[in-house]
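Data block for work_30.cif (mmCIF, N, CA and C atoms):
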data_data
loop_
_atom_site.label_atom_id
_atom_site.label_comp_id
_atom_site.auth_asym_id
_atom_site.auth_seq_id
_atom_site.Cartn_x
_atom_site.Cartn_y
_atom_site.Cartn_z
N MET V 1 -42.17 -8.83 -8.75
CA MET V 1 -41.99 -8.34 -7.39
C MET V 1 -40.53 -8.57 -6.97
N ILE V 2 -39.95 -7.57 -6.39
CA ILE V 2 -38.58 -7.67 -5.90
C ILE V 2 -38.61 -8.30 -4.51
N ASN V 3 -37.79 -9.34 -4.30
CA ASN V 3 -37.74 -9.95 -2.98
C ASN V 3 -36.32 -10.03 -2.42
N ALA V 4 -35.34 -9.52 -3.19
CA ALA V 4 -33.95 -9.53 -2.73
C ALA V 4 -33.18 -8.38 -3.35
N ILE V 5 -32.18 -7.92 -2.63
CA ILE V 5 -31.28 -6.87 -3.10
C ILE V 5 -29.86 -7.42 -3.05
N LEU V 6 -29.13 -7.27 -4.14
CA LEU V 6 -27.73 -7.69 -4.23
C LEU V 6 -26.88 -6.45 -4.40
N THR V 7 -25.94 -6.23 -3.48
CA THR V 7 -25.05 -5.07 -3.57
C THR V 7 -23.60 -5.52 -3.66
N ASP V 8 -22.77 -4.61 -4.07
CA ASP V 8 -21.32 -4.78 -4.01
C ASP V 8 -20.85 -3.98 -2.81
N ILE V 9 -19.61 -4.15 -2.42
CA ILE V 9 -19.04 -3.34 -1.35
C ILE V 9 -18.31 -2.14 -1.95
N GLU V 10 -17.39 -2.41 -2.86
CA GLU V 10 -16.55 -1.36 -3.43
C GLU V 10 -17.37 -0.38 -4.26
N ASP V 11 -17.42 0.86 -3.81
CA ASP V 11 -18.10 1.99 -4.43
C ASP V 11 -19.62 1.87 -4.38
N THR V 12 -20.14 0.94 -3.61
CA THR V 12 -21.58 0.86 -3.39
C THR V 12 -21.86 1.17 -1.92
N THR V 13 -21.30 0.37 -1.04
CA THR V 13 -21.49 0.64 0.39
C THR V 13 -20.30 1.38 0.98
N THR V 14 -19.14 1.28 0.36
CA THR V 14 -17.94 1.96 0.83
C THR V 14 -17.14 2.48 -0.36
N SER V 15 -16.29 3.43 -0.13
CA SER V 15 -15.51 4.06 -1.19
C SER V 15 -14.47 3.11 -1.78
N ILE V 16 -14.38 3.09 -3.10
CA ILE V 16 -13.36 2.26 -3.74
C ILE V 16 -11.96 2.81 -3.44
N ALA V 17 -11.88 4.11 -3.22
CA ALA V 17 -10.58 4.71 -2.88
C ALA V 17 -10.06 4.13 -1.57
N PHE V 18 -10.94 3.85 -0.62
CA PHE V 18 -10.52 3.25 0.64
C PHE V 18 -9.88 1.89 0.40
N VAL V 19 -10.46 1.12 -0.50
CA VAL V 19 -9.92 -0.21 -0.82
C VAL V 19 -8.53 -0.09 -1.43
N PHE V 20 -8.39 0.78 -2.44
CA PHE V 20 -7.12 0.88 -3.15
C PHE V 20 -6.07 1.72 -2.42
N ASP V 21 -6.51 2.71 -1.65
CA ASP V 21 -5.56 3.61 -1.00
C ASP V 21 -5.21 3.21 0.43
N VAL V 22 -6.05 2.38 1.06
CA VAL V 22 -5.81 1.99 2.45
C VAL V 22 -5.65 0.47 2.58
N LEU V 23 -6.66 -0.28 2.17
CA LEU V 23 -6.65 -1.73 2.42
C LEU V 23 -5.56 -2.47 1.65
N PHE V 24 -5.46 -2.24 0.34
CA PHE V 24 -4.44 -2.96 -0.43
C PHE V 24 -3.02 -2.62 0.03
N PRO V 25 -2.68 -1.32 0.22
CA PRO V 25 -1.34 -1.02 0.72
C PRO V 25 -1.08 -1.60 2.12
N TYR V 26 -2.10 -1.61 2.96
CA TYR V 26 -1.94 -2.19 4.29
C TYR V 26 -1.56 -3.66 4.19
N ALA V 27 -2.27 -4.40 3.35
CA ALA V 27 -1.97 -5.82 3.18
C ALA V 27 -0.56 -6.01 2.63
N ARG V 28 -0.20 -5.22 1.65
CA ARG V 28 1.15 -5.31 1.07
C ARG V 28 2.22 -5.03 2.12
N ASP V 29 2.04 -3.97 2.88
CA ASP V 29 3.05 -3.54 3.84
C ASP V 29 3.14 -4.43 5.07
N HIS V 30 2.09 -5.17 5.39
CA HIS V 30 2.07 -6.00 6.60
C HIS V 30 2.14 -7.49 6.33
N MET V 31 2.17 -7.89 5.06
CA MET V 31 2.12 -9.31 4.72
C MET V 31 3.30 -10.09 5.30
N ALA V 32 4.52 -9.59 5.14
CA ALA V 32 5.70 -10.33 5.60
C ALA V 32 5.65 -10.54 7.12
N ARG V 33 5.33 -9.51 7.84
CA ARG V 33 5.26 -9.62 9.31
C ARG V 33 4.13 -10.57 9.72
N PHE V 34 2.99 -10.46 9.04
CA PHE V 34 1.86 -11.33 9.35
C PHE V 34 2.22 -12.79 9.14
N VAL V 35 2.88 -13.09 8.02
CA VAL V 35 3.28 -14.48 7.73
C VAL V 35 4.30 -14.95 8.76
N ALA V 36 5.25 -14.09 9.12
CA ALA V 36 6.26 -14.47 10.11
C ALA V 36 5.63 -14.76 11.47
N GLU V 37 4.63 -13.96 11.85
CA GLU V 37 4.02 -14.12 13.17
C GLU V 37 2.94 -15.20 13.22
N HIS V 38 2.26 -15.43 12.10
CA HIS V 38 1.09 -16.32 12.11
C HIS V 38 1.21 -17.50 11.16
N GLY V 39 2.36 -17.63 10.49
CA GLY V 39 2.53 -18.70 9.51
C GLY V 39 2.41 -20.10 10.07
N GLY V 40 2.57 -20.25 11.36
CA GLY V 40 2.43 -21.56 11.98
C GLY V 40 1.00 -21.95 12.31
N GLU V 41 0.09 -21.00 12.22
CA GLU V 41 -1.32 -21.27 12.49
C GLU V 41 -1.91 -22.04 11.30
N ALA V 42 -2.70 -23.04 11.59
CA ALA V 42 -3.22 -23.92 10.54
C ALA V 42 -3.95 -23.16 9.43
N VAL V 43 -4.79 -22.21 9.80
CA VAL V 43 -5.58 -21.50 8.80
C VAL V 43 -4.68 -20.67 7.87
N VAL V 44 -3.62 -20.08 8.41
CA VAL V 44 -2.68 -19.30 7.60
C VAL V 44 -1.83 -20.24 6.76
N ARG V 45 -1.32 -21.30 7.36
CA ARG V 45 -0.48 -22.27 6.64
C ARG V 45 -1.22 -22.86 5.45
N THR V 46 -2.51 -23.11 5.61
CA THR V 46 -3.32 -23.64 4.51
C THR V 46 -3.30 -22.68 3.32
N GLU V 47 -3.42 -21.40 3.58
CA GLU V 47 -3.42 -20.40 2.50
C GLU V 47 -2.03 -20.27 1.87
N LEU V 48 -0.98 -20.35 2.69
CA LEU V 48 0.38 -20.27 2.15
C LEU V 48 0.66 -21.45 1.23
N ARG V 49 0.20 -22.62 1.63
CA ARG V 49 0.37 -23.81 0.77
C ARG V 49 -0.43 -23.66 -0.53
N ALA V 50 -1.59 -23.06 -0.42
CA ALA V 50 -2.44 -22.87 -1.61
C ALA V 50 -1.78 -21.96 -2.63
N VAL V 51 -0.99 -20.99 -2.17
CA VAL V 51 -0.24 -20.13 -3.10
C VAL V 51 0.73 -20.98 -3.89
N ALA V 52 1.50 -21.81 -3.20
CA ALA V 52 2.48 -22.68 -3.87
C ALA V 52 1.78 -23.64 -4.82
N GLU V 53 0.65 -24.19 -4.40
CA GLU V 53 -0.10 -25.11 -5.26
C GLU V 53 -0.57 -24.40 -6.52
N GLU V 54 -1.01 -23.16 -6.37
CA GLU V 54 -1.48 -22.41 -7.53
C GLU V 54 -0.35 -22.19 -8.54
N LEU V 55 0.87 -22.05 -8.04
CA LEU V 55 2.02 -21.86 -8.92
C LEU V 55 2.61 -23.18 -9.41
N GLY V 56 2.26 -24.26 -8.74
CA GLY V 56 2.71 -25.57 -9.18
C GLY V 56 4.07 -26.01 -8.69
N HIS V 57 4.60 -25.32 -7.69
CA HIS V 57 5.88 -25.74 -7.10
C HIS V 57 6.00 -25.21 -5.68
N SER V 58 6.91 -25.82 -4.92
CA SER V 58 7.06 -25.42 -3.52
C SER V 58 7.76 -24.07 -3.42
N LEU V 59 7.41 -23.36 -2.36
CA LEU V 59 7.98 -22.04 -2.08
C LEU V 59 8.22 -21.93 -0.58
N ASP V 60 9.28 -21.21 -0.21
CA ASP V 60 9.42 -20.91 1.21
C ASP V 60 8.56 -19.69 1.53
N ASP V 61 8.44 -19.36 2.80
CA ASP V 61 7.54 -18.28 3.19
C ASP V 61 7.92 -16.94 2.58
N ASP V 62 9.21 -16.65 2.48
CA ASP V 62 9.63 -15.38 1.88
C ASP V 62 9.20 -15.31 0.41
N GLU V 63 9.31 -16.42 -0.29
CA GLU V 63 8.89 -16.45 -1.69
C GLU V 63 7.37 -16.29 -1.81
N VAL V 64 6.64 -16.92 -0.91
CA VAL V 64 5.19 -16.78 -0.91
C VAL V 64 4.81 -15.32 -0.68
N VAL V 65 5.46 -14.66 0.26
CA VAL V 65 5.17 -13.25 0.53
C VAL V 65 5.40 -12.41 -0.72
N GLU V 66 6.48 -12.66 -1.43
CA GLU V 66 6.75 -11.90 -2.66
C GLU V 66 5.68 -12.14 -3.71
N VAL V 67 5.23 -13.38 -3.84
CA VAL V 67 4.13 -13.69 -4.77
C VAL V 67 2.87 -12.94 -4.35
N LEU V 68 2.55 -12.97 -3.07
CA LEU V 68 1.36 -12.29 -2.58
C LEU V 68 1.43 -10.79 -2.84
N LYS V 69 2.58 -10.19 -2.63
CA LYS V 69 2.73 -8.76 -2.90
C LYS V 69 2.54 -8.46 -4.39
N ARG V 70 3.05 -9.34 -5.24
CA ARG V 70 2.87 -9.16 -6.68
C ARG V 70 1.38 -9.27 -7.03
N TRP V 71 0.72 -10.24 -6.45
CA TRP V 71 -0.71 -10.41 -6.71
C TRP V 71 -1.52 -9.20 -6.23
N ILE V 72 -1.12 -8.62 -5.11
CA ILE V 72 -1.80 -7.41 -4.63
C ILE V 72 -1.64 -6.30 -5.66
N ALA V 73 -0.42 -6.10 -6.16
CA ALA V 73 -0.17 -5.06 -7.16
C ALA V 73 -0.98 -5.30 -8.43
N GLU V 74 -1.20 -6.56 -8.77
CA GLU V 74 -1.96 -6.92 -9.97
C GLU V 74 -3.46 -6.96 -9.71
N ASN V 75 -3.87 -6.78 -8.45
CA ASN V 75 -5.27 -6.94 -8.05
C ASN V 75 -5.80 -8.31 -8.46
N ARG V 76 -4.97 -9.31 -8.27
CA ARG V 76 -5.32 -10.69 -8.62
C ARG V 76 -6.43 -11.19 -7.71
N LYS V 77 -7.35 -11.92 -8.26
CA LYS V 77 -8.49 -12.44 -7.51
C LYS V 77 -8.23 -13.87 -7.04
N ALA V 78 -7.04 -14.14 -6.54
CA ALA V 78 -6.65 -15.48 -6.08
C ALA V 78 -7.21 -15.73 -4.68
N THR V 79 -7.85 -16.85 -4.51
CA THR V 79 -8.50 -17.18 -3.23
C THR V 79 -7.55 -17.10 -2.04
N PRO V 80 -6.34 -17.68 -2.10
CA PRO V 80 -5.48 -17.58 -0.91
C PRO V 80 -5.11 -16.14 -0.58
N LEU V 81 -4.91 -15.31 -1.59
CA LEU V 81 -4.62 -13.90 -1.34
C LEU V 81 -5.81 -13.24 -0.66
N LYS V 82 -7.00 -13.44 -1.20
CA LYS V 82 -8.19 -12.80 -0.63
C LYS V 82 -8.42 -13.25 0.81
N ASN V 83 -8.18 -14.52 1.09
CA ASN V 83 -8.36 -15.01 2.46
C ASN V 83 -7.34 -14.39 3.41
N LEU V 84 -6.09 -14.31 2.98
CA LEU V 84 -5.05 -13.70 3.83
C LEU V 84 -5.30 -12.21 4.01
N GLN V 85 -5.72 -11.52 2.95
CA GLN V 85 -6.06 -10.11 3.09
C GLN V 85 -7.17 -9.93 4.12
N GLY V 86 -8.17 -10.78 4.08
CA GLY V 86 -9.25 -10.69 5.05
C GLY V 86 -8.76 -10.82 6.48
N MET V 87 -7.83 -11.75 6.70
CA MET V 87 -7.26 -11.93 8.04
C MET V 87 -6.47 -10.69 8.46
N LEU V 88 -5.67 -10.17 7.55
CA LEU V 88 -4.87 -8.98 7.84
C LEU V 88 -5.76 -7.77 8.14
N TRP V 89 -6.76 -7.56 7.31
CA TRP V 89 -7.64 -6.40 7.48
C TRP V 89 -8.42 -6.49 8.78
N GLN V 90 -8.85 -7.68 9.15
CA GLN V 90 -9.57 -7.83 10.42
C GLN V 90 -8.69 -7.37 11.57
N ARG V 91 -7.44 -7.78 11.57
CA ARG V 91 -6.51 -7.35 12.62
C ARG V 91 -6.28 -5.84 12.56
N GLY V 92 -6.17 -5.31 11.35
CA GLY V 92 -5.97 -3.87 11.19
C GLY V 92 -7.12 -3.06 11.76
N TYR V 93 -8.34 -3.47 11.45
CA TYR V 93 -9.52 -2.80 12.02
C TYR V 93 -9.50 -2.91 13.54
N GLN V 94 -9.30 -4.12 14.05
CA GLN V 94 -9.38 -4.36 15.49
C GLN V 94 -8.29 -3.61 16.25
N GLN V 95 -7.12 -3.47 15.64
CA GLN V 95 -6.01 -2.77 16.30
C GLN V 95 -6.10 -1.26 16.12
N GLY V 96 -7.06 -0.79 15.35
CA GLY V 96 -7.21 0.64 15.12
C GLY V 96 -6.21 1.20 14.14
N ASP V 97 -5.61 0.35 13.32
CA ASP V 97 -4.64 0.83 12.33
C ASP V 97 -5.32 1.68 11.26
N PHE V 98 -6.60 1.46 11.03
CA PHE V 98 -7.39 2.27 10.11
C PHE V 98 -8.86 2.10 10.49
N THR V 99 -9.67 3.01 10.02
CA THR V 99 -11.11 2.95 10.23
C THR V 99 -11.77 3.14 8.88
N GLY V 100 -12.62 2.24 8.53
CA GLY V 100 -13.33 2.34 7.26
C GLY V 100 -14.63 3.08 7.43
N HIS V 101 -15.46 2.96 6.44
CA HIS V 101 -16.75 3.63 6.48
C HIS V 101 -17.77 2.90 5.62
N VAL V 102 -19.02 3.17 5.90
CA VAL V 102 -20.13 2.75 5.05
C VAL V 102 -20.90 4.02 4.74
N HIS V 103 -21.22 4.24 3.47
CA HIS V 103 -21.96 5.44 3.08
C HIS V 103 -23.31 5.49 3.81
N GLU V 104 -23.67 6.69 4.30
CA GLU V 104 -24.93 6.84 5.04
C GLU V 104 -26.14 6.41 4.21
N ASP V 105 -26.14 6.76 2.92
CA ASP V 105 -27.29 6.39 2.10
C ASP V 105 -27.38 4.88 1.93
N ALA V 106 -26.24 4.20 1.94
CA ALA V 106 -26.26 2.74 1.85
C ALA V 106 -26.87 2.15 3.12
N VAL V 107 -26.47 2.67 4.27
CA VAL V 107 -27.03 2.19 5.54
C VAL V 107 -28.53 2.44 5.57
N ARG V 108 -28.93 3.65 5.21
CA ARG V 108 -30.35 4.00 5.22
C ARG V 108 -31.16 3.06 4.31
N ASN V 109 -30.67 2.86 3.10
CA ASN V 109 -31.40 2.01 2.15
C ASN V 109 -31.41 0.55 2.59
N LEU V 110 -30.29 0.06 3.08
CA LEU V 110 -30.24 -1.33 3.55
C LEU V 110 -31.23 -1.55 4.69
N ARG V 111 -31.31 -0.59 5.60
CA ARG V 111 -32.26 -0.70 6.71
C ARG V 111 -33.70 -0.68 6.21
N GLN V 112 -33.99 0.21 5.25
CA GLN V 112 -35.35 0.28 4.71
C GLN V 112 -35.71 -1.02 3.99
N TRP V 113 -34.81 -1.52 3.20
CA TRP V 113 -35.08 -2.76 2.47
C TRP V 113 -35.28 -3.92 3.43
N HIS V 114 -34.45 -3.98 4.47
CA HIS V 114 -34.58 -5.04 5.47
C HIS V 114 -35.93 -4.94 6.18
N ALA V 115 -36.31 -3.73 6.57
CA ALA V 115 -37.60 -3.52 7.24
C ALA V 115 -38.77 -3.89 6.34
N ALA V 116 -38.58 -3.76 5.03
CA ALA V 116 -39.63 -4.11 4.07
C ALA V 116 -39.67 -5.62 3.79
N GLY V 117 -38.79 -6.36 4.44
CA GLY V 117 -38.79 -7.81 4.28
C GLY V 117 -37.97 -8.33 3.12
N LEU V 118 -37.18 -7.47 2.50
CA LEU V 118 -36.34 -7.91 1.40
C LEU V 118 -35.11 -8.63 1.93
N ARG V 119 -34.66 -9.62 1.22
CA ARG V 119 -33.42 -10.31 1.57
C ARG V 119 -32.25 -9.49 1.03
N LEU V 120 -31.21 -9.37 1.83
CA LEU V 120 -30.05 -8.56 1.46
C LEU V 120 -28.84 -9.45 1.27
N TYR V 121 -28.15 -9.26 0.14
CA TYR V 121 -26.97 -10.04 -0.18
C TYR V 121 -25.86 -9.11 -0.65
N VAL V 122 -24.63 -9.54 -0.43
CA VAL V 122 -23.46 -8.80 -0.88
C VAL V 122 -22.66 -9.68 -1.81
N TYR V 123 -22.21 -9.09 -2.91
CA TYR V 123 -21.28 -9.78 -3.81
C TYR V 123 -19.96 -9.05 -3.71
N SER V 124 -18.88 -9.79 -3.63
CA SER V 124 -17.55 -9.20 -3.62
C SER V 124 -16.54 -10.27 -3.98
N SER V 125 -15.46 -9.84 -4.61
CA SER V 125 -14.37 -10.79 -4.89
C SER V 125 -13.53 -11.03 -3.65
N GLY V 126 -13.75 -10.25 -2.60
CA GLY V 126 -13.03 -10.45 -1.35
C GLY V 126 -13.53 -11.68 -0.62
N SER V 127 -12.79 -12.09 0.38
CA SER V 127 -13.19 -13.26 1.16
C SER V 127 -14.45 -12.94 1.97
N VAL V 128 -15.16 -13.96 2.37
CA VAL V 128 -16.34 -13.79 3.22
C VAL V 128 -15.93 -13.07 4.51
N GLN V 129 -14.78 -13.45 5.07
CA GLN V 129 -14.30 -12.80 6.29
C GLN V 129 -14.10 -11.31 6.06
N ALA V 130 -13.50 -10.94 4.93
CA ALA V 130 -13.26 -9.52 4.63
C ALA V 130 -14.58 -8.78 4.48
N GLN V 131 -15.56 -9.40 3.85
CA GLN V 131 -16.86 -8.76 3.68
C GLN V 131 -17.54 -8.53 5.02
N LYS V 132 -17.54 -9.55 5.87
CA LYS V 132 -18.17 -9.42 7.18
C LYS V 132 -17.47 -8.36 8.02
N THR V 133 -16.15 -8.35 7.96
CA THR V 133 -15.37 -7.36 8.71
C THR V 133 -15.68 -5.96 8.21
N ALA V 134 -15.74 -5.80 6.89
CA ALA V 134 -16.01 -4.49 6.30
C ALA V 134 -17.34 -3.93 6.79
N VAL V 135 -18.34 -4.76 6.89
CA VAL V 135 -19.65 -4.30 7.32
C VAL V 135 -19.70 -4.10 8.83
N ARG V 136 -19.13 -5.01 9.58
CA ARG V 136 -19.23 -4.99 11.04
C ARG V 136 -18.39 -3.90 11.69
N LEU V 137 -17.21 -3.63 11.17
CA LEU V 137 -16.27 -2.76 11.86
C LEU V 137 -16.10 -1.38 11.22
N GLN V 138 -16.95 -1.02 10.28
CA GLN V 138 -16.81 0.29 9.65
C GLN V 138 -17.83 1.27 10.22
N ARG V 139 -17.47 2.53 10.14
CA ARG V 139 -18.35 3.60 10.61
C ARG V 139 -19.18 4.12 9.44
N CYS V 140 -20.31 4.71 9.77
CA CYS V 140 -21.14 5.34 8.74
C CYS V 140 -20.63 6.74 8.48
N ARG V 141 -20.66 7.14 7.21
CA ARG V 141 -20.29 8.51 6.82
C ARG V 141 -21.40 9.11 6.01
#
Please render this file's structure as structure tokens.
Amino acid sequence: MINAILTDIEDTTTSIAFVFDVLFPYARDHMARFVAEHGGEAVVRTELRAVAEELGHSLDDDEVVEVLKRWIAENRKATPLKNLQGMLWQRGYQQGDFTGHVHEDAVRNLRQWHAAGLRLYVYSSGSVQAQKTAVRLQRCR
């Protein structure tokens, strides 16, 4: 008996093209400004330090931004990158810089499964914040 459904976000509930053509370039293009404006916030500073720790030496903010941009180009699954991307994307959605989508058939099936009492789970290499934002702030298509 099936009692749970596990889905991915990329190309399951939303288009993978949206991720690669909109979200990744947005993070790359806005990372320097985001770090300059929010680098003093504890949650952001923690992630910036984690980048330096991952490399094993200290970095200034400009160097961290360059590392993050390189990781974006490489589609690196580094936790500090994913967390910062999630923060950036949340602001992008909220400011109307872009609008995502959820496939209509995904919405329909998720609702049916939920109504049938199945537990619904999402797997993604993105941060939890990015996953929640993707589901909460996207439109159905």
What gap, in Å, lies between CA of Leu68 in chain V and CA of Ile9 in chain V?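 Taking CA of Leu68 in chain V as the start and CA of Ile9 in chain V as the end point, the length is 22.3 Å.
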Each residue of range 46-90 of chain V lying at most 8 Å from range 111-135 of chain V should get a row with its shortest atom-to-atom pair and the distance in Å to one decimal, counting all atoms listed in the file; could you produce that, ordered by chain and increasing number, as a tab-separated table?
residue	atom	partner	partner_atom	distance
V:Lys77	CA	V:Ser125	C	6.5
V:Ala78	N	V:Ser125	C	7.8
V:Thr79	CA	V:Ser127	CA	7.5
V:Leu81	C	V:Ser127	N	7.2
V:Lys82	C	V:Ser127	N	4.5
V:Asn83	N	V:Ser127	CA	5.2
V:Leu84	N	V:Ser127	CA	7.4
V:Gln85	C	V:Ala130	CA	6.1
V:Gly86	CA	V:Ala130	CA	4.2
V:Met87	N	V:Ala130	N	6.0
V:Trp89	C	V:Thr133	CA	7.0
V:Gln90	CA	V:Thr133	CA	6.1
Got a sec: who's within 7 Å of Pro80 in chain V, counting only N, CA and C atoms, leaving out chain neighbours fewer than 4 positions off, as number ranges by chain? V: 46-48, 50-51, 84-85
Separation of CA of Arg91 in chain V from CA of Ala27 in chain V, in Å and rounded to one decimal: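 Going from CA of Arg91 in chain V over to CA of Ala27 in chain V covers 10.6 Å.
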So which residues of range 16-92 of chain V fall under helix (DSSP H, G or I) by DSSP, listed as a PyMOL selection string? chain V and resi 16-38+42-55+61-74+79-92
So what do you get for CA of His103 in chain V versus atom N of Asp11 in chain V, distance-wise?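 Distance between the two atoms: 9.4 Å.
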Could you list the residues chosen by the PyMOL selection byres (((chain V and resi 15 and name CA) around 12) and name CA) in this structure as a ChimeraX atom specification? /V:8-14,16-23,100-104,106,134,138,140-141
Could you pull out all residues of range 3-138 of chain V with a DSSP call of strand (DSSP E or B) and give them as a PyMOL selection string? chain V and resi 4-8+10+14+101-102+119-123
For the provided coordinates, the residues matched by the PyMOL selection byres (((chain V and resi 29 and name CA) around 12) and name CA) should be stated as an MDAnalysis selection string. chainID V and resid 22:28 30:35 65:66 68:70 72:73 85 88:89 92
My list of candidates is V:Ala36, V:Val64, V:Glu74, V:Gln94. Which is closest to Ala52 in chain V when distances are computed with all atoms listed in the file? V:Val64
With all atoms of range 105-112 of chain V from the file as input, state the centre and edge lengths in Å to one decimal of the axis-aligned box that has 5 Å extra on each side, as JSON.
{"center_x": -30.9, "center_y": 2.6, "center_z": 4.3, "size_x": 19.6, "size_y": 18.3, "size_z": 14.9}
